[in-house]
>>> print(open('my_file_20.cif').read())   # mmCIF, C-alpha atoms
data_target
#
loop_
_atom_site.label_atom_id
_atom_site.label_comp_id
_atom_site.auth_asym_id
_atom_site.auth_seq_id
_atom_site.Cartn_x
_atom_site.Cartn_y
_atom_site.Cartn_z
CA MET A 1 8.20 19.59 23.58
CA THR A 2 11.64 20.06 25.05
CA SER A 3 14.61 17.71 24.76
CA HIS A 4 16.69 16.35 27.62
CA SER A 5 18.94 13.44 28.47
CA THR A 6 17.93 10.82 31.02
CA THR A 7 18.72 7.21 32.10
CA VAL A 8 16.72 3.97 32.13
CA SER A 9 16.12 2.68 35.67
CA ALA A 10 15.55 -1.03 34.94
CA TYR A 11 18.87 -1.47 33.11
CA PRO A 12 21.04 -4.00 35.01
CA GLU A 13 23.64 -2.46 37.28
CA ALA A 14 26.16 -5.05 35.97
CA HIS A 15 26.38 -2.99 32.79
CA GLY A 16 27.85 -0.10 34.75
CA GLY A 17 24.65 1.77 35.61
CA PRO A 18 21.62 2.70 33.60
CA PRO A 19 22.18 3.57 29.91
CA PRO A 20 21.76 7.20 28.90
CA VAL A 21 18.73 8.29 26.90
CA PRO A 22 19.70 10.79 24.18
CA ALA A 23 17.90 14.12 23.97
CA PHE A 24 14.93 13.93 21.62
CA GLN A 25 11.69 15.62 20.62
CA ILE A 26 8.47 13.57 20.86
CA VAL A 27 7.08 15.43 17.83
CA PRO A 28 9.93 16.45 15.48
CA THR A 29 8.81 20.01 14.70
CA ARG A 30 11.16 20.27 11.71
CA GLY A 31 9.01 17.68 9.93
CA ILE A 32 5.71 19.56 10.40
CA PRO A 33 6.17 21.84 7.31
CA ILE A 34 6.60 18.69 5.17
CA VAL A 35 3.35 17.28 6.59
CA ILE A 36 1.53 20.57 5.90
CA LEU A 37 2.91 20.56 2.35
CA ALA A 38 1.74 16.97 1.76
CA VAL A 39 -1.77 17.68 3.12
CA ALA A 40 -2.04 20.89 1.07
CA GLY A 41 -1.00 18.99 -2.06
CA LEU A 42 -3.60 16.35 -1.27
CA VAL A 43 -6.37 18.96 -0.93
CA ILE A 44 -5.34 20.47 -4.29
CA ALA A 45 -5.29 17.00 -5.92
CA ILE A 46 -8.82 16.23 -4.68
CA ALA A 47 -10.15 19.69 -5.54
CA SER A 48 -8.68 19.60 -9.05
CA ASN A 49 -9.83 15.97 -9.48
CA GLN A 50 -6.99 15.39 -11.95
CA LEU A 51 -6.24 11.74 -12.66
CA TRP A 52 -2.45 12.22 -12.55
CA ALA A 53 -2.46 14.13 -9.23
CA LEU A 54 -4.78 11.59 -7.57
CA THR A 55 -2.76 8.65 -8.91
CA PHE A 56 0.47 10.32 -7.74
CA PHE A 57 -0.76 10.78 -4.14
CA HIS A 58 -2.30 7.31 -4.01
CA VAL A 59 0.68 5.46 -5.47
CA VAL A 60 3.35 7.44 -3.58
CA GLY A 61 1.44 7.33 -0.27
CA GLY A 62 0.40 3.69 -0.64
CA GLY A 63 3.82 2.54 -1.84
CA LEU A 64 5.60 4.21 1.07
CA TRP A 65 3.00 3.06 3.62
CA THR A 66 3.26 -0.54 2.41
CA GLY A 67 7.05 -0.40 2.15
CA VAL A 68 7.55 1.12 5.59
CA ASP A 69 5.12 -1.34 7.20
CA LEU A 70 6.81 -4.35 5.60
CA PHE A 71 10.31 -3.02 6.32
CA VAL A 72 9.60 -2.20 9.99
CA GLY A 73 7.49 -5.26 10.74
CA LEU A 74 9.38 -7.98 8.94
CA LEU A 75 12.96 -6.67 8.69
CA LEU A 76 13.68 -3.98 11.26
CA GLY A 77 11.54 -5.49 14.05
CA PRO A 78 13.55 -8.72 14.45
CA ILE A 79 16.80 -6.71 14.25
CA ILE A 80 15.69 -4.31 17.01
CA GLY A 81 14.73 -7.31 19.14
CA ARG A 82 18.34 -8.55 19.05
CA MET A 83 19.95 -5.16 19.77
CA SER A 84 21.53 -4.28 23.12
CA VAL A 85 19.39 -2.16 25.49
CA PRO A 86 21.41 1.07 24.98
CA ALA A 87 21.37 0.61 21.18
CA ARG A 88 17.64 -0.09 21.26
CA ILE A 89 17.00 3.07 23.31
CA GLU A 90 19.11 5.21 21.01
CA PHE A 91 17.37 3.76 17.95
CA THR A 92 13.92 4.26 19.53
CA THR A 93 14.51 7.92 20.39
CA ARG A 94 15.63 8.65 16.82
CA PHE A 95 13.15 6.45 14.96
CA MET A 96 9.81 6.59 16.80
CA PRO A 97 9.29 10.41 16.68
CA LYS A 98 9.71 10.33 12.90
CA MET A 99 7.16 7.50 12.63
CA LEU A 100 4.73 9.64 14.64
CA LEU A 101 4.64 12.19 11.81
CA LEU A 102 5.28 9.92 8.83
CA MET A 103 2.65 7.21 9.20
CA PRO A 104 -0.53 9.30 9.77
CA THR A 105 0.53 11.52 6.84
CA LEU A 106 1.05 8.54 4.50
CA VAL A 107 -2.23 6.92 5.61
CA THR A 108 -4.21 10.14 5.04
CA MET A 109 -2.57 10.70 1.64
CA THR A 110 -3.28 7.13 0.51
CA LEU A 111 -6.86 6.81 1.71
CA ALA A 112 -8.20 10.26 0.73
CA SER A 113 -6.62 10.19 -2.76
CA GLY A 114 -7.53 6.50 -3.17
CA TRP A 115 -11.20 7.18 -2.47
CA GLN A 116 -11.26 10.06 -4.94
CA LEU A 117 -9.35 8.04 -7.53
CA ALA A 118 -11.81 5.15 -7.23
CA ARG A 119 -14.63 7.62 -7.70
CA HIS A 120 -12.89 9.22 -10.69
CA VAL A 121 -12.32 5.96 -12.59
CA GLY A 122 -15.73 4.51 -11.66
CA ASN A 123 -14.57 1.70 -9.38
CA LEU A 124 -17.00 2.75 -6.61
CA SER A 125 -19.97 1.90 -8.78
CA SER A 126 -21.48 -1.47 -7.80
CA SER A 127 -21.55 -2.42 -11.50
CA SER A 128 -17.76 -2.08 -11.77
CA PRO A 129 -15.82 -5.39 -12.00
CA ASN A 130 -13.44 -3.93 -9.40
CA HIS A 131 -16.13 -3.11 -6.83
CA ALA A 132 -15.83 -6.36 -4.86
CA TRP A 133 -12.03 -6.01 -4.78
CA LEU A 134 -12.41 -2.45 -3.54
CA VAL A 135 -14.74 -3.49 -0.74
CA ALA A 136 -12.21 -6.19 0.23
CA SER A 137 -9.53 -3.48 0.40
CA PHE A 138 -11.82 -1.33 2.62
CA ILE A 139 -12.10 -4.27 5.04
CA ILE A 140 -8.33 -4.86 5.09
CA VAL A 141 -7.66 -1.15 5.65
CA GLY A 142 -10.29 -1.15 8.41
CA VAL A 143 -8.55 -4.00 10.24
CA MET A 144 -5.14 -2.39 9.75
CA ALA A 145 -6.45 0.98 11.00
CA THR A 146 -7.87 -0.67 14.12
CA ILE A 147 -4.54 -2.36 14.89
CA ALA A 148 -2.46 0.73 14.05
CA ILE A 149 -4.59 3.28 15.90
CA GLY A 150 -5.78 1.03 18.73
CA ILE A 151 -2.52 -0.73 19.61
CA LEU A 152 0.52 0.43 17.62
CA GLU A 153 0.21 4.22 17.97
CA PRO A 154 -0.63 4.25 21.71
CA ALA A 155 2.38 1.97 22.35
CA ASN A 156 4.63 4.26 20.27
CA LEU A 157 3.51 7.36 22.20
CA ALA A 158 3.71 5.68 25.62
CA VAL A 159 7.33 4.60 24.91
CA LEU A 160 8.35 8.13 23.92
CA PHE A 161 6.74 9.69 27.00
CA GLU A 162 8.28 7.02 29.26
CA LEU A 163 11.71 7.82 27.82
CA LYS A 164 11.11 11.50 28.69
CA LYS A 165 10.88 10.67 32.41
CA PRO A 166 13.93 11.34 34.62
CA ALA A 167 14.06 7.57 35.39
CA PRO A 168 12.26 5.61 32.63
CA ASP A 169 11.00 2.08 33.35
CA GLY A 170 13.03 -0.25 31.08
CA GLU A 171 10.66 -3.15 31.65
CA LEU A 172 7.64 -1.12 30.54
CA ILE A 173 9.51 0.19 27.48
CA GLY A 174 10.51 -3.36 26.50
CA ARG A 175 6.90 -4.55 26.83
CA LEU A 176 5.50 -1.68 24.77
CA MET A 177 8.23 -1.97 22.11
CA LYS A 178 7.43 -5.68 21.72
CA ARG A 179 3.77 -4.76 21.18
CA PHE A 180 4.80 -2.13 18.61
CA ILE A 181 6.97 -4.54 16.64
CA TYR A 182 4.46 -7.43 16.65
CA THR A 183 1.59 -5.22 15.49
CA ALA A 184 3.82 -3.64 12.81
CA GLY A 185 4.54 -7.20 11.62
CA ILE A 186 0.81 -8.05 11.45
CA THR A 187 -0.04 -4.89 9.49
CA GLY A 188 2.99 -5.57 7.28
CA ALA A 189 1.66 -9.03 6.44
CA MET A 190 -1.79 -7.55 5.71
CA GLN A 191 -0.15 -5.09 3.34
CA VAL A 192 0.71 -8.07 1.12
CA ALA A 193 -3.04 -8.64 0.67
CA THR A 194 -3.44 -4.94 -0.19
CA LEU A 195 -0.70 -5.27 -2.83
CA ILE A 196 -2.50 -8.24 -4.40
CA ILE A 197 -5.82 -6.35 -4.49
CA MET A 198 -4.39 -3.08 -5.80
CA THR A 199 -2.39 -4.71 -8.62
CA ARG A 200 -5.51 -6.70 -9.52
CA VAL A 201 -7.70 -3.54 -9.55
CA SER A 202 -5.25 -1.57 -11.67
CA THR A 203 -4.99 -4.29 -14.33
CA GLN A 204 -8.68 -5.23 -14.75
CA MET B 1 3.59 -3.78 38.83
CA SER B 2 7.03 -2.17 38.81
CA ALA B 3 8.18 0.72 40.94
CA GLN B 4 7.91 2.99 37.93
CA ASP B 5 4.39 1.96 37.01
CA HIS B 6 1.97 4.68 38.11
CA THR B 7 -1.13 2.92 36.79
CA PRO B 8 -4.01 2.94 39.28
CA ARG B 9 -4.56 -0.59 40.61
CA ASN B 10 -8.24 -0.90 39.67
CA ILE B 11 -8.15 0.94 36.40
CA PRO B 12 -11.33 0.48 34.32
CA PRO B 13 -11.03 -0.88 30.74
CA ILE B 14 -10.91 2.60 29.19
CA ALA B 15 -8.52 1.67 26.34
CA GLU B 16 -10.53 -1.44 25.42
CA LEU B 17 -13.78 0.57 25.55
CA ALA B 18 -12.24 3.22 23.28
CA ILE B 19 -11.31 0.63 20.65
CA ALA B 20 -14.89 -0.77 20.53
CA PRO B 21 -16.59 2.40 19.14
CA MET B 22 -13.69 2.82 16.74
CA ILE B 23 -14.37 -0.68 15.35
CA LEU B 24 -18.11 0.08 15.11
CA VAL B 25 -17.63 3.30 13.12
CA ILE B 26 -15.04 1.61 10.87
CA ILE B 27 -17.58 -1.17 10.10
CA GLY B 28 -20.24 1.50 9.52
CA GLY B 29 -17.88 3.46 7.31
CA ILE B 30 -17.06 0.37 5.22
CA TYR B 31 -20.79 -0.39 4.90
CA MET B 32 -21.52 3.16 3.71
CA ALA B 33 -18.47 3.36 1.42
CA ALA B 34 -19.35 0.01 -0.18
CA HIS B 35 -22.80 1.31 -1.18
CA ILE B 36 -22.08 4.94 -2.12
CA PRO B 37 -23.12 6.38 -4.58
CA GLY B 38 -26.06 3.96 -4.89
CA SER B 39 -29.20 3.80 -2.72
CA ILE B 40 -28.66 2.31 0.70
CA SER B 41 -30.56 1.23 3.81
CA LEU B 42 -29.31 3.50 6.59
CA THR B 43 -30.62 1.37 9.49
CA PRO B 44 -27.44 -0.72 10.02
CA ALA B 45 -25.27 2.41 9.87
CA ILE B 46 -27.53 4.29 12.32
CA CYS B 47 -27.49 1.34 14.76
CA LEU B 48 -23.69 1.15 14.60
CA LEU B 49 -23.38 4.93 15.11
CA VAL B 50 -25.77 4.98 18.09
CA ALA B 51 -23.93 2.05 19.72
CA ALA B 52 -20.60 3.79 19.12
CA VAL B 53 -21.82 7.08 20.63
CA LEU B 54 -23.15 5.25 23.72
CA LEU B 55 -19.81 3.47 24.18
CA VAL B 56 -17.92 6.77 23.85
CA ILE B 57 -20.16 8.35 26.51
CA VAL B 58 -19.58 5.40 28.88
CA ASP B 59 -15.84 5.61 28.21
CA ILE B 60 -15.73 9.37 28.92
CA VAL B 61 -17.72 8.89 32.15
CA LEU B 62 -15.27 6.17 33.30
CA LEU B 63 -12.34 8.40 32.39
CA VAL B 64 -13.51 11.56 34.19
CA ARG B 65 -14.17 9.50 37.33
CA LEU B 66 -10.52 8.37 37.43
CA ARG B 67 -8.87 9.85 40.52
CA PRO B 68 -5.96 10.30 40.83
CA PHE B 69 -4.87 10.55 37.20
CA ALA B 70 -2.19 12.43 35.24
CA TRP B 71 -4.61 14.87 33.63
CA ASN B 72 -1.85 17.24 32.48
CA ALA B 73 -0.26 14.49 30.40
CA PHE B 74 -3.67 13.35 29.16
CA TRP B 75 -4.70 16.79 27.89
CA ARG B 76 -1.31 17.49 26.41
CA VAL B 77 -1.48 14.36 24.22
CA ALA B 78 -5.24 14.33 23.62
CA GLY B 79 -5.30 18.02 22.65
CA TRP B 80 -2.68 17.67 19.92
CA ALA B 81 -4.12 14.35 18.79
CA LEU B 82 -7.57 15.98 18.55
CA LEU B 83 -6.10 18.61 16.25
CA GLY B 84 -4.40 15.96 14.08
CA TYR B 85 -7.39 13.63 13.87
CA ALA B 86 -9.77 16.55 13.22
CA VAL B 87 -7.63 17.28 10.13
CA ILE B 88 -7.76 13.61 9.05
CA ALA B 89 -11.54 13.37 9.66
CA GLY B 90 -11.96 16.73 7.90
CA MET B 91 -10.07 15.45 4.86
CA ILE B 92 -12.28 12.35 4.62
CA GLY B 93 -15.45 14.46 5.16
CA TYR B 94 -14.27 16.92 2.54
CA ALA B 95 -13.88 14.09 -0.01
CA PHE B 96 -17.45 12.88 0.68
CA ILE B 97 -18.93 16.41 0.40
CA TYR B 98 -16.90 17.11 -2.73
CA ASP B 99 -18.31 13.95 -4.30
CA GLY B 100 -21.87 15.12 -3.74
CA THR B 101 -22.85 13.00 -0.72
CA ARG B 102 -25.77 14.85 0.90
CA GLY B 103 -28.63 14.49 3.38
CA ALA B 104 -28.89 11.61 5.87
CA PRO B 105 -25.92 9.58 4.50
CA LEU B 106 -23.68 12.64 4.90
CA GLY B 107 -25.02 13.27 8.42
CA ILE B 108 -24.27 9.67 9.44
CA LEU B 109 -20.79 9.80 7.89
CA ILE B 110 -20.02 13.07 9.72
CA GLY B 111 -21.30 11.49 12.94
CA MET B 112 -19.00 8.49 12.41
CA LEU B 113 -16.04 10.73 11.61
CA SER B 114 -16.76 12.76 14.77
CA VAL B 115 -16.74 9.62 16.90
CA PHE B 116 -13.42 8.65 15.26
CA ALA B 117 -11.94 12.14 15.84
CA ILE B 118 -12.94 12.05 19.55
CA VAL B 119 -12.17 8.46 20.46
CA VAL B 120 -8.65 8.26 19.01
CA PRO B 121 -7.31 11.30 20.97
CA LEU B 122 -9.02 9.87 24.08
CA LEU B 123 -7.25 6.54 23.53
CA LEU B 124 -3.85 8.14 22.86
CA GLY B 125 -4.13 10.53 25.82
CA PHE B 126 -5.08 7.68 28.14
CA ALA B 127 -2.33 5.38 26.80
CA VAL B 128 0.28 7.97 27.77
CA ALA B 129 -1.26 9.38 30.96
CA ARG B 130 -1.82 5.97 32.60
CA TYR B 131 1.97 5.54 32.91
CA GLN B 132 2.67 9.11 34.07
CA PRO B 133 3.01 10.23 37.70
CA MET B 134 -0.40 11.16 39.19
CA THR B 135 0.56 14.45 40.76
CA GLN B 136 2.35 15.95 37.79
CA GLY B 137 2.34 15.98 34.00
CA ILE B 138 5.03 14.53 31.78
CA ALA B 139 8.67 15.14 32.56
CA GLU B 140 10.10 18.13 30.74
#
>>> encode(input="my_file_20.cif", output="structure tokens")
Amino acid sequence: MTSHSTTVSAYPEAHGGPPPVPAFQIVPTRGIPIVILAVAGLVIAIASNQLWALTFFHVVGGGLWTGVDLFVGLLLGPIIGRMSVPARIEFTTRFMPKMLLLMPTLVTMTLASGWQLARHVGNLSSSSPNHAWLVASFIIVGVMATIAIGILEPANLAVLFELKKPAPDGELIGRLMKRFIYTAGITGAMQVATLIIMTRVSTQ
Amino acid sequence: MSAQDHTPRNIPPIAELAIAPMILVIIGGIYMAAHIPGSISLTPAICLLVAAVLLVIVDIVLLVRLRPFAWNAFWRVAGWALLGYAVIAGMIGYAFIYDGTRGAPLGILIGMLSVFAIVVPLLLGFAVARYQPMTQGIAE
């Protein structure tokens, strides 16, 4: 996907014309080798079924996923909301493409290694004292996945493609960004529940 | 509707209809995952899968009937998303097979993962294409 500069059409003329949109790639191709490396490592961890490798992928993936969700939803979101339109556009074009690669990779790492880890330590068995907690975490992840895939990711992509137009619609971008930030906040709050469950499971 | 909005005026609820089968297969997946590796009644999972497949078919029919529509943009996004989500679904399927899930439960899980891998690219492609100009793809 090629890069180019453009301007936002709905930006008030009083500001001296529409703000420029910096050149950006919708999918940052430089990050793809890192994604491939992470997925390959995950396959090896599952195939080898080693406790350390599975724990590593689950803890690293889950920790980053939770941290990023909380940081974006509860800290960065309100800050972006108060930024000027040009600053918001510049931030969006630099931040959103990275999120497009980062989040699906972290989610895949966490869930696939987490499932295998639960299997390895016997938490999937219905006789395990952790089984009910695990099912609760499945439900929370299910709700978060629905919000992230059904609302957050489409909004993220639509913003990036709108910014690629010769004359992007500022009003539409603002609406979609608001949706992105609110849903990131909701999933961030749900991550707190995941933290409670996971720390409970690992100490029982 | 702004001057930049290229959304058809009477657009059917394609995005909403795409989220519904996703929710159904996620519920089915949670039901299956909560009972594996023990014995399990497959009826609820089969019902959820059949309902999800029917909803996907209805959604695809509504989508292909959309005229005019930015199909270039749709395929560009949906194609890459299909590749990405096929990898994700493949990883989950691989974990189930590796753990010895076989027979009907595996078939249902693969069916659910297939619905997931089809419906998400459809949703992402539509979410982008609905705001793109009808006569051309995305701006280069």
>>> resolve_selection(input="my_file_20.cif", expression="the PyMOL selection byres ((chain B and resi 17) around 10)", output="PyMOL selection string")
chain B and resi 12-16+18-22+52+55-56+58-60+62+119+123
>>> closest_residue(input="my_file_20.cif", among="A:Pro28, A:Gly62, A:Pro154, A:Pro22", to="Ala112 (chain A)", atoms="all atoms listed in the file")
A:Gly62
>>> resolve_selection(input="my_file_20.cif", expression="the PyMOL selection byres ((chain A) within 9 of (chain B))", output="MDAnalysis selection string")
chainID A and resid 1:4 9 39 42:43 46:47 104:105 108 111:113 115:116 119 124:126 131:132 134:135 138:139 142:143 145:146 149:151 153:155 157:162 164:169 171:172
>>> residues_around(input="my_file_20.cif", residues="Ser137 (chain A)", least_positions_apart="4", cutoff="8 Å", atoms="only C-alpha atoms", output="ChimeraX atom specification")
/A:133,141,194,197
>>> atom_distance(input="my_file_20.cif", atom1="CA of Met103 (chain A)", atom2="CA of Ala87 (chain A)")
23.2 Å
>>> atom_distance(input="my_file_20.cif", atom1="CA of Gln204 (chain A)", atom2="CA of Trp52 (chain A)")
18.7 Å
>>> atom_distance(input="my_file_20.cif", atom1="CA of Met112 (chain B)", atom2="CA of Thr43 (chain B)")
13.9 Å
>>> residues_near_point(input="my_file_20.cif", point="(-24.5, 11.6, 6.3)", cutoff="12 Å", atoms="all atoms listed in the file", output="ChimeraX atom specification")
/B:28-29,32-33,36,40,42,45-46,49,93,96-97,100-114
>>> write_last_selection(input="my_file_20.cif", atoms="C-alpha atoms", output="PDB file, keeping the file's coordinate frame")
ATOM      1  CA  GLY B  28     -20.240   1.500   9.520  1.00  0.00           C
ATOM      2  CA  GLY B  29     -17.880   3.460   7.310  1.00  0.00           C
ATOM      3  CA  MET B  32     -21.520   3.160   3.710  1.00  0.00           C
ATOM      4  CA  ALA B  33     -18.470   3.360   1.420  1.00  0.00           C
ATOM      5  CA  ILE B  36     -22.080   4.940  -2.120  1.00  0.00           C
ATOM      6  CA  ILE B  40     -28.660   2.310   0.700  1.00  0.00           C
ATOM      7  CA  LEU B  42     -29.310   3.500   6.590  1.00  0.00           C
ATOM      8  CA  ALA B  45     -25.270   2.410   9.870  1.00  0.00           C
ATOM      9  CA  ILE B  46     -27.530   4.290  12.320  1.00  0.00           C
ATOM     10  CA  LEU B  49     -23.380   4.930  15.110  1.00  0.00           C
ATOM     11  CA  GLY B  93     -15.450  14.460   5.160  1.00  0.00           C
ATOM     12  CA  PHE B  96     -17.450  12.880   0.680  1.00  0.00           C
ATOM     13  CA  ILE B  97     -18.930  16.410   0.400  1.00  0.00           C
ATOM     14  CA  GLY B 100     -21.870  15.120  -3.740  1.00  0.00           C
ATOM     15  CA  THR B 101     -22.850  13.000  -0.720  1.00  0.00           C
ATOM     16  CA  ARG B 102     -25.770  14.850   0.900  1.00  0.00           C
ATOM     17  CA  GLY B 103     -28.630  14.490   3.380  1.00  0.00           C
ATOM     18  CA  ALA B 104     -28.890  11.610   5.870  1.00  0.00           C
ATOM     19  CA  PRO B 105     -25.920   9.580   4.500  1.00  0.00           C
ATOM     20  CA  LEU B 106     -23.680  12.640   4.900  1.00  0.00           C
ATOM     21  CA  GLY B 107     -25.020  13.270   8.420  1.00  0.00           C
ATOM     22  CA  ILE B 108     -24.270   9.670   9.440  1.00  0.00           C
ATOM     23  CA  LEU B 109     -20.790   9.800   7.890  1.00  0.00           C
ATOM     24  CA  ILE B 110     -20.020  13.070   9.720  1.00  0.00           C
ATOM     25  CA  GLY B 111     -21.300  11.490  12.940  1.00  0.00           C
ATOM     26  CA  MET B 112     -19.000   8.490  12.410  1.00  0.00           C
ATOM     27  CA  LEU B 113     -16.040  10.730  11.610  1.00  0.00           C
ATOM     28  CA  SER B 114     -16.760  12.760  14.770  1.00  0.00           C
TER      29      SER B 114
END
>>> closest_residue(input="my_file_20.cif", among="A:Ile186, A:Gly41, A:Thr92, A:Ile36", to="Ala53 (chain A)", atoms="all atoms listed in the file")
A:Gly41
>>> residues_near_point(input="my_file_20.cif", point="(-6.9, 2.1, -10.4)", cutoff="9 Å", atoms="all atoms listed in the file", output="list in words")
Thr55, Gly114, Leu117, Ala118, Val121, Asn123, Asn130, Met198, Thr199, Arg200, Val201, Ser202, Thr203 and Gln204 of chain A
>>> residues_around(input="my_file_20.cif", residues="Arg94 (chain A)", least_positions_apart="3", cutoff="12 Å", atoms="only C-alpha atoms", output="MDAnalysis selection string")
chainID A and resid 21:28 87:91 97:100 160 163
